[in-house]
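A short write-up of the structure that comes next.
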Amino acid sequence: MEQEFRKIETESRTLVRETSGVKELEELRVKYLGRKGALNLLLKKMGALDPDERPVWGKKINALKRELEDTIRSRREELSGQTEDTGNFDPTLPPELFRHPGRNPVISVLEEVSDIFVSMGFGIAYGPDIETDYYNFTALNFPEGHPARDMHDTFYIKGSDRLLRTHTSPVQVRVMEKQPPPYQFIAPGKCYRRDTIDASHLPSFHQVEGLMVDKDISFAHLKGVLDEFARRFFPGETVTRFRPSFFPFTEPSAEMDIRCTICSGGGCSSCSGKGFIEILGAGMVDPEVFRHCGVDPDKWQGFAFGMGIERMAMLKYGISDLRYFFQNHRSFLEQF
Ligand SMILES: [Zn+2]
């Protein structure tokens, strides 16, 4: 009895500890604790013992049974990742937060837009987020007190002439001041306006500005470059159209629309029934801007354009609310 008990005791403890599968564990449970298992067989053999030895062995065998039941239960929880109390939860797994949640579509679109222009020969230029009134407005032909300034609700920095740039256009001025023409670059970056947050307004957003200046650049070049961009950025057949518009720093100015990708021009709620959706603003650089930067407008011509990156991402992915981009919800980001 003694020998047999010790053997079962040592063997069962080791095997349960070392088992690596739930199925294997169940086999061990049957082997030791089953109705015809080793411990029940041992209990039956007690009949052959002296009457005063029976309760001693009975206690020992039942204690080992309870011990094995406990260790098998906790081992099963370890192996299957399940506990009786919390259902499908395994506290030994690393937190889900460490899983890669996908890229923010604003960043992906910013890079995609940049890549398309770089492949067409554009360089990339950067400027500061905190600008002076001169670079953000005056040099871009927004004279003091001009009503066009009211179109930009500006964050001013108290006690200085500085402000948070309302567009990436000041980068044009900074580049043109520093080096002589020709120019062909884009300026991606953050912009700021005092807007109340809602589905289509945020106080901070991204723009890509572009400038191409050389001898004999015409509106046809503008159309060619931007048509090519739209064709590459939007999937499928992209139809564009240009409408006259107004910006202080370009003359003539235009807005470019693409045919609504949802209704193919028939009119739907996404395009407010118009069949077309505005994607960017553009125009020929106003001679006044050239003069501010020391570039001779009689020798050099060019065009500028600017687009909102969040808007491009909304159109590309069918996102209806700008706020999704900045809430960083995993369920949103995981789709990109
Ligand atoms: Zn539509």
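Letters for chains follow the order of the structure tokens (A, B, ...), residue numbers begin at 1 for each chain, and ligand numbers begin at 1 in the order shown.
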(request) Excluding A:Lys316 and residues on its chain fewer than 2 positions from it, collect all residues at most 9 Å away from it, counting only C-alpha atoms, and give them as a PyMOL selection string. (result) chain A and resi 109+233-235+311-314+318-319
Selected residues written out with N, CA and C atoms, as a PDB file, in the first residue's frame:
```pdb
ATOM      1  N   VAL A 109      -2.623  59.683 -45.707  1.00  0.00           N
ATOM      2  CA  VAL A 109      -3.019  60.522 -46.849  1.00  0.00           C
ATOM      3  C   VAL A 109      -1.992  61.637 -47.068  1.00  0.00           C
ATOM      4  N   PHE A 233      -4.726  60.050 -57.158  1.00  0.00           N
ATOM      5  CA  PHE A 233      -5.118  59.930 -55.747  1.00  0.00           C
ATOM      6  C   PHE A 233      -6.438  59.182 -55.567  1.00  0.00           C
ATOM      7  N   PHE A 234      -7.417  59.496 -56.432  1.00  0.00           N
ATOM      8  CA  PHE A 234      -8.723  58.851 -56.282  1.00  0.00           C
ATOM      9  C   PHE A 234      -8.792  57.622 -57.175  1.00  0.00           C
ATOM     10  N   PRO A 235      -9.326  56.545 -56.651  1.00  0.00           N
ATOM     11  CA  PRO A 235      -9.403  55.332 -57.462  1.00  0.00           C
ATOM     12  C   PRO A 235     -10.463  55.453 -58.556  1.00  0.00           C
ATOM     13  N   ARG A 311      -9.833  66.603 -45.325  1.00  0.00           N
ATOM     14  CA  ARG A 311     -10.905  66.548 -46.321  1.00  0.00           C
ATOM     15  C   ARG A 311     -10.620  65.458 -47.368  1.00  0.00           C
ATOM     16  N   MET A 312      -9.361  65.382 -47.800  1.00  0.00           N
ATOM     17  CA  MET A 312      -8.997  64.365 -48.792  1.00  0.00           C
ATOM     18  C   MET A 312      -9.185  62.958 -48.209  1.00  0.00           C
ATOM     19  N   ALA A 313      -8.830  62.809 -46.920  1.00  0.00           N
ATOM     20  CA  ALA A 313      -8.987  61.490 -46.281  1.00  0.00           C
ATOM     21  C   ALA A 313     -10.463  61.132 -46.143  1.00  0.00           C
ATOM     22  N   MET A 314     -11.298  62.133 -45.822  1.00  0.00           N
ATOM     23  CA  MET A 314     -12.741  61.889 -45.701  1.00  0.00           C
ATOM     24  C   MET A 314     -13.316  61.419 -47.032  1.00  0.00           C
ATOM     25  N   GLY A 318     -14.533  57.745 -47.315  1.00  0.00           N
ATOM     26  CA  GLY A 318     -15.951  57.840 -46.982  1.00  0.00           C
ATOM     27  C   GLY A 318     -16.186  58.079 -45.496  1.00  0.00           C
ATOM     28  N   ILE A 319     -15.359  58.938 -44.858  1.00  0.00           N
ATOM     29  CA  ILE A 319     -15.507  59.250 -43.432  1.00  0.00           C
ATOM     30  C   ILE A 319     -16.373  60.506 -43.310  1.00  0.00           C
TER      31      ILE A 319
END
```
Wanna dump the stretch 104-194 of chain A-stretch 239-260 of chain A contacts at 7 Å for me, each residue with its shortest atom pair and the distance in Å to one decimal, counting only C-alpha atoms, ordered by chain and number, as a tab-separated table?
```
residue	atom	partner	partner_atom	distance
A:Leu140	CA	A:Phe249	CA	5.2
A:Asn141	CA	A:Phe249	CA	5.5
A:Phe142	CA	A:Pro248	CA	6.1
```
Can you write just those residues out, C-alpha atoms, as an mmCIF file, in the first residue's frame?
```cif
data_model
loop_
_atom_site.group_PDB
_atom_site.id
_atom_site.type_symbol
_atom_site.label_atom_id
_atom_site.label_comp_id
_atom_site.auth_asym_id
_atom_site.auth_seq_id
_atom_site.Cartn_x
_atom_site.Cartn_y
_atom_site.Cartn_z
ATOM 1 C CA LEU A 140 0.318 87.028 -49.335
ATOM 2 C CA ASN A 141 -1.615 90.120 -50.375
ATOM 3 C CA PHE A 142 -3.997 90.266 -47.424
#
```
Item to check | Between atom CA of A:Pro182 and atom CA of A:Glu112 - distance in Å to one decimal | outcome: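 Interatomic distance, atom CA of A:Glu112 to atom CA of A:Pro182: 24.7 Å.
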Using 10 Å as the limit and counting only C-alpha atoms, can you tabulate each residue of stretch 277-333 of chain A that touches stretch 157-177 of chain A, with its shortest atom-to-atom distance in Å and the two atoms involved, as JSON lines?
```
{"residue": "A:Val289", "atom": "CA", "partner": "A:Val173", "partner_atom": "CA", "distance": 7.9}
{"residue": "A:Phe290", "atom": "CA", "partner": "A:Met176", "partner_atom": "CA", "distance": 8.1}
{"residue": "A:His292", "atom": "CA", "partner": "A:Val173", "partner_atom": "CA", "distance": 8.1}
{"residue": "A:Cys293", "atom": "CA", "partner": "A:Glu177", "partner_atom": "CA", "distance": 4.9}
{"residue": "A:Gly294", "atom": "CA", "partner": "A:Glu177", "partner_atom": "CA", "distance": 6.6}
{"residue": "A:Val295", "atom": "CA", "partner": "A:Met176", "partner_atom": "CA", "distance": 7.4}
{"residue": "A:Ala304", "atom": "CA", "partner": "A:Gln172", "partner_atom": "CA", "distance": 8.8}
{"residue": "A:Phe305", "atom": "CA", "partner": "A:Ser169", "partner_atom": "CA", "distance": 8.9}
{"residue": "A:Gly306", "atom": "CA", "partner": "A:Ser169", "partner_atom": "CA", "distance": 7.9}
{"residue": "A:Met307", "atom": "CA", "partner": "A:Thr168", "partner_atom": "CA", "distance": 9.7}
{"residue": "A:Gly308", "atom": "CA", "partner": "A:His167", "partner_atom": "CA", "distance": 9.5}
```
- Would you name the residues within 12 Å of ligand 1, counting only C-alpha atoms and all ligand atoms, and put them as a list in words? Asp257, Ile258, Arg259, Cys260, Thr261, Ile262, Cys263, Ser264, Gly265, Gly266, Gly267, Cys268, Ser269, Ser270, Cys271, Ser272, Gly273, Lys274, Gly275, Phe276, Ile277, Glu278, Leu315 and Gly318 of chain A
File dump, residues just selected, C-alpha atoms, as an mmCIF file, in the first residue's frame:
```
data_model
loop_
_atom_site.group_PDB
_atom_site.id
_atom_site.type_symbol
_atom_site.label_atom_id
_atom_site.label_comp_id
_atom_site.auth_asym_id
_atom_site.auth_seq_id
_atom_site.Cartn_x
_atom_site.Cartn_y
_atom_site.Cartn_z
ATOM 1 C CA ASP A 257 -13.976 69.710 -58.004
ATOM 2 C CA ILE A 258 -14.057 66.019 -58.716
ATOM 3 C CA ARG A 259 -17.161 64.232 -59.904
ATOM 4 C CA CYS A 260 -18.848 62.677 -56.852
ATOM 5 C CA THR A 261 -17.492 59.175 -56.422
ATOM 6 C CA ILE A 262 -20.676 58.036 -54.688
ATOM 7 C CA CYS A 263 -23.356 59.079 -57.224
ATOM 8 C CA SER A 264 -21.086 59.498 -60.316
ATOM 9 C CA GLY A 265 -22.474 62.978 -60.899
ATOM 10 C CA GLY A 266 -26.181 62.195 -60.514
ATOM 11 C CA GLY A 267 -26.486 64.061 -57.201
ATOM 12 C CA CYS A 268 -26.642 62.581 -53.690
ATOM 13 C CA SER A 269 -26.452 63.700 -50.063
ATOM 14 C CA SER A 270 -22.624 63.469 -50.009
ATOM 15 C CA CYS A 271 -22.308 66.069 -52.768
ATOM 16 C CA SER A 272 -25.433 68.051 -51.692
ATOM 17 C CA GLY A 273 -27.075 67.090 -54.969
ATOM 18 C CA LYS A 274 -24.427 68.901 -57.028
ATOM 19 C CA GLY A 275 -22.762 65.816 -58.520
ATOM 20 C CA PHE A 276 -19.328 67.367 -57.830
ATOM 21 C CA ILE A 277 -17.239 67.788 -54.666
ATOM 22 C CA GLU A 278 -14.685 70.541 -54.070
ATOM 23 C CA LEU A 315 -13.415 61.733 -49.444
ATOM 24 C CA GLY A 318 -15.951 57.840 -46.982
#
```
Note to self: Quick one: residues within 7 Å of stretch 8-24 of chain A, only C-alpha atoms, excluding same-chain residues fewer than 4 positions away - as an NGL selection string?
What the structure shows: :A and (4 or 28 or 72 or 76 or 79-80)
Put those residues in a file: N, CA and C atoms, as an mmCIF file, in the first residue's frame.
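Just written: out17.cif:
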```cif
data_model
loop_
_atom_site.group_PDB
_atom_site.id
_atom_site.type_symbol
_atom_site.label_atom_id
_atom_site.label_comp_id
_atom_site.auth_asym_id
_atom_site.auth_seq_id
_atom_site.Cartn_x
_atom_site.Cartn_y
_atom_site.Cartn_z
ATOM 1 N N GLU A 4 2.783 1.724 -3.307
ATOM 2 C CA GLU A 4 1.880 2.061 -4.409
ATOM 3 C C GLU A 4 1.405 3.522 -4.299
ATOM 4 N N LEU A 28 -5.035 12.631 -17.862
ATOM 5 C CA LEU A 28 -4.439 12.415 -16.536
ATOM 6 C C LEU A 28 -5.516 12.392 -15.454
ATOM 7 N N ILE A 72 -5.268 20.121 -11.027
ATOM 8 C CA ILE A 72 -5.727 19.923 -12.408
ATOM 9 C C ILE A 72 -6.605 21.106 -12.839
ATOM 10 N N ARG A 76 -5.675 23.591 -15.842
ATOM 11 C CA ARG A 76 -6.561 23.699 -17.005
ATOM 12 C C ARG A 76 -6.820 25.179 -17.332
ATOM 13 N N LEU A 79 -3.839 26.575 -19.055
ATOM 14 C CA LEU A 79 -3.656 26.094 -20.419
ATOM 15 C C LEU A 79 -4.711 26.635 -21.383
ATOM 16 N N SER A 80 -5.949 26.781 -20.937
ATOM 17 C CA SER A 80 -7.002 27.187 -21.873
ATOM 18 C C SER A 80 -7.241 28.690 -21.849
#
```
- Show which residues sit within 8 Å of A:Phe185, as a list of chain:residue names. Count only C-alpha atoms, and ignore same-chain residues fewer than 6 positions away. A:Phe122, A:Gly123, A:Ile124, A:Ala125, A:Gly210, A:Leu211, A:Met212
Original post:
Restricting the calculation to only C-alpha atoms, which member of A:Asp153, A:Glu131, A:Glu27, A:Glu144 is positioned closest to A:Pro203?
Top reply: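 Looking at the shortest contact to A:Pro203, the residue is A:Asp153.
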Q: Apply DSSP to the structure's backbone, then extract all residues of stretch 101-236 of chain A labelled alpha helix (DSSP H) and return them as an NGL selection string.
A: :A and (105-119 or 133-136 or 170-178 or 219-233)
Save the residues we just selected, N, CA and C atoms, as a compact mmCIF listing (two decimals), in the first residue's frame?
```txt
# COMPACT_ATOMS: atom_id res chain seq x y z
N PRO A 105 -5.34 57.68 -40.67
CA PRO A 105 -5.48 57.94 -42.11
C PRO A 105 -4.99 59.33 -42.51
N VAL A 106 -4.98 60.28 -41.57
CA VAL A 106 -4.48 61.63 -41.91
C VAL A 106 -3.01 61.54 -42.31
N ILE A 107 -2.24 60.77 -41.55
CA ILE A 107 -0.81 60.63 -41.84
C ILE A 107 -0.61 59.86 -43.14
N SER A 108 -1.38 58.78 -43.34
CA SER A 108 -1.24 58.02 -44.59
C SER A 108 -1.55 58.89 -45.80
N VAL A 109 -2.62 59.68 -45.71
CA VAL A 109 -3.02 60.52 -46.85
C VAL A 109 -1.99 61.64 -47.07
N LEU A 110 -1.48 62.21 -45.98
CA LEU A 110 -0.46 63.24 -46.10
C LEU A 110 0.75 62.69 -46.87
N GLU A 111 1.14 61.47 -46.53
CA GLU A 111 2.29 60.86 -47.22
C GLU A 111 1.96 60.51 -48.66
N GLU A 112 0.74 60.03 -48.88
CA GLU A 112 0.36 59.63 -50.24
C GLU A 112 0.33 60.86 -51.16
N VAL A 113 -0.28 61.95 -50.66
CA VAL A 113 -0.35 63.18 -51.46
C VAL A 113 1.08 63.67 -51.75
N SER A 114 1.92 63.67 -50.71
CA SER A 114 3.30 64.13 -50.90
C SER A 114 4.01 63.26 -51.93
N ASP A 115 3.85 61.94 -51.82
CA ASP A 115 4.52 61.03 -52.75
C ASP A 115 4.13 61.31 -54.21
N ILE A 116 2.84 61.59 -54.43
CA ILE A 116 2.38 61.83 -55.81
C ILE A 116 3.09 63.07 -56.38
N PHE A 117 3.14 64.15 -55.58
CA PHE A 117 3.78 65.37 -56.09
C PHE A 117 5.30 65.19 -56.23
N VAL A 118 5.90 64.47 -55.29
CA VAL A 118 7.34 64.23 -55.40
C VAL A 118 7.64 63.47 -56.69
N SER A 119 6.76 62.51 -57.04
CA SER A 119 6.99 61.74 -58.27
C SER A 119 6.82 62.61 -59.52
N ASP A 133 2.44 88.04 -38.57
CA ASP A 133 1.33 88.56 -39.36
C ASP A 133 1.78 88.82 -40.80
N TYR A 134 3.03 89.24 -40.95
CA TYR A 134 3.55 89.57 -42.29
C TYR A 134 3.54 88.34 -43.20
N TYR A 135 4.11 87.24 -42.72
CA TYR A 135 4.20 86.04 -43.58
C TYR A 135 2.84 85.38 -43.81
N ASN A 136 1.99 85.41 -42.75
CA ASN A 136 0.71 84.72 -42.89
C ASN A 136 -0.28 85.53 -43.73
N PRO A 170 2.32 80.65 -46.06
CA PRO A 170 3.51 81.44 -45.72
C PRO A 170 4.83 80.75 -46.12
N VAL A 171 4.82 79.43 -46.23
CA VAL A 171 6.04 78.72 -46.62
C VAL A 171 6.50 79.17 -48.02
N GLN A 172 5.53 79.43 -48.92
CA GLN A 172 5.84 79.97 -50.26
C GLN A 172 6.71 81.21 -50.14
N VAL A 173 6.25 82.12 -49.29
CA VAL A 173 6.94 83.40 -49.15
C VAL A 173 8.35 83.18 -48.61
N ARG A 174 8.47 82.34 -47.59
CA ARG A 174 9.79 82.09 -46.98
C ARG A 174 10.76 81.50 -47.99
N VAL A 175 10.27 80.56 -48.83
CA VAL A 175 11.17 79.94 -49.81
C VAL A 175 11.55 80.96 -50.89
N MET A 176 10.57 81.71 -51.39
CA MET A 176 10.85 82.67 -52.47
C MET A 176 11.81 83.78 -52.02
N GLU A 177 11.71 84.16 -50.73
CA GLU A 177 12.62 85.19 -50.21
C GLU A 177 14.07 84.71 -50.19
N LYS A 178 14.22 83.40 -49.92
CA LYS A 178 15.56 82.86 -49.68
C LYS A 178 16.31 82.51 -50.94
N PHE A 219 -1.89 78.66 -66.96
CA PHE A 219 -3.00 77.98 -66.28
C PHE A 219 -3.13 76.55 -66.79
N ALA A 220 -2.68 76.29 -68.02
CA ALA A 220 -2.74 74.92 -68.57
C ALA A 220 -1.85 73.98 -67.76
N HIS A 221 -0.67 74.50 -67.30
CA HIS A 221 0.19 73.67 -66.45
C HIS A 221 -0.51 73.34 -65.14
N LEU A 222 -1.15 74.36 -64.57
CA LEU A 222 -1.89 74.17 -63.32
C LEU A 222 -2.91 73.03 -63.49
N LYS A 223 -3.69 73.14 -64.57
CA LYS A 223 -4.74 72.13 -64.81
C LYS A 223 -4.11 70.74 -65.01
N GLY A 224 -3.03 70.71 -65.78
CA GLY A 224 -2.39 69.43 -66.07
C GLY A 224 -1.89 68.74 -64.81
N VAL A 225 -1.19 69.51 -63.95
CA VAL A 225 -0.62 68.93 -62.73
C VAL A 225 -1.72 68.46 -61.78
N LEU A 226 -2.74 69.31 -61.59
CA LEU A 226 -3.78 68.96 -60.61
C LEU A 226 -4.70 67.85 -61.12
N ASP A 227 -4.94 67.83 -62.42
CA ASP A 227 -5.71 66.72 -63.01
C ASP A 227 -5.00 65.39 -62.79
N GLU A 228 -3.69 65.43 -63.04
CA GLU A 228 -2.88 64.22 -62.89
C GLU A 228 -2.90 63.75 -61.42
N PHE A 229 -2.79 64.73 -60.51
CA PHE A 229 -2.83 64.40 -59.09
C PHE A 229 -4.16 63.71 -58.73
N ALA A 230 -5.29 64.31 -59.16
CA ALA A 230 -6.61 63.76 -58.81
C ALA A 230 -6.78 62.36 -59.39
N ARG A 231 -6.27 62.18 -60.61
CA ARG A 231 -6.40 60.88 -61.28
C ARG A 231 -5.64 59.80 -60.50
N ARG A 232 -4.48 60.19 -59.92
CA ARG A 232 -3.69 59.21 -59.20
C ARG A 232 -4.20 58.98 -57.78
N PHE A 233 -4.73 60.05 -57.16
CA PHE A 233 -5.12 59.93 -55.75
C PHE A 233 -6.44 59.18 -55.57
```
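Running DSSP on the backbone and keeping only strand (DSSP E or B), the residues of stretch 76-174 of chain A that qualify are Thr83, Gly87, Gly123, Ile124, Ile130, Glu131, Thr132, Tyr156, Arg162, Leu163 and Leu164 of chain A.
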Go ahead and save the picked residues with N, CA and C atoms, as a PDB file, in the first residue's frame.
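Okay, this is what ended up in part.pdb:
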```
ATOM      1  N   THR A  83     -10.856  31.289 -16.918  1.00  0.00           N
ATOM      2  CA  THR A  83     -11.088  31.068 -15.501  1.00  0.00           C
ATOM      3  C   THR A  83     -12.588  30.976 -15.315  1.00  0.00           C
ATOM      4  N   GLY A  87     -14.798  34.235 -17.465  1.00  0.00           N
ATOM      5  CA  GLY A  87     -15.047  33.856 -18.853  1.00  0.00           C
ATOM      6  C   GLY A  87     -13.784  33.906 -19.674  1.00  0.00           C
ATOM      7  N   GLY A 123       9.696  69.249 -54.890  1.00  0.00           N
ATOM      8  CA  GLY A 123      10.446  69.060 -53.650  1.00  0.00           C
ATOM      9  C   GLY A 123       9.518  69.306 -52.474  1.00  0.00           C
ATOM     10  N   ILE A 124      10.069  69.219 -51.248  1.00  0.00           N
ATOM     11  CA  ILE A 124       9.244  69.459 -50.055  1.00  0.00           C
ATOM     12  C   ILE A 124       9.895  70.549 -49.217  1.00  0.00           C
ATOM     13  N   ILE A 130       4.301  78.727 -35.830  1.00  0.00           N
ATOM     14  CA  ILE A 130       4.065  80.082 -35.304  1.00  0.00           C
ATOM     15  C   ILE A 130       4.634  81.062 -36.314  1.00  0.00           C
ATOM     16  N   GLU A 131       3.767  81.890 -36.857  1.00  0.00           N
ATOM     17  CA  GLU A 131       4.160  82.807 -37.932  1.00  0.00           C
ATOM     18  C   GLU A 131       3.989  84.249 -37.483  1.00  0.00           C
ATOM     19  N   THR A 132       4.528  85.144 -38.291  1.00  0.00           N
ATOM     20  CA  THR A 132       4.241  86.557 -38.055  1.00  0.00           C
ATOM     21  C   THR A 132       3.070  86.944 -38.945  1.00  0.00           C
ATOM     22  N   TYR A 156      -4.276  84.551 -32.301  1.00  0.00           N
ATOM     23  CA  TYR A 156      -3.162  85.490 -32.137  1.00  0.00           C
ATOM     24  C   TYR A 156      -2.462  85.206 -30.818  1.00  0.00           C
ATOM     25  N   ARG A 162       2.756  87.833 -33.436  1.00  0.00           N
ATOM     26  CA  ARG A 162       2.782  86.443 -33.895  1.00  0.00           C
ATOM     27  C   ARG A 162       1.407  85.785 -33.782  1.00  0.00           C
ATOM     28  N   LEU A 163       1.257  84.720 -34.571  1.00  0.00           N
ATOM     29  CA  LEU A 163      -0.017  84.010 -34.623  1.00  0.00           C
ATOM     30  C   LEU A 163       0.260  82.565 -35.021  1.00  0.00           C
ATOM     31  N   LEU A 164      -0.735  81.703 -34.851  1.00  0.00           N
ATOM     32  CA  LEU A 164      -0.615  80.334 -35.356  1.00  0.00           C
ATOM     33  C   LEU A 164      -1.043  80.381 -36.818  1.00  0.00           C
TER      34      LEU A 164
END
```
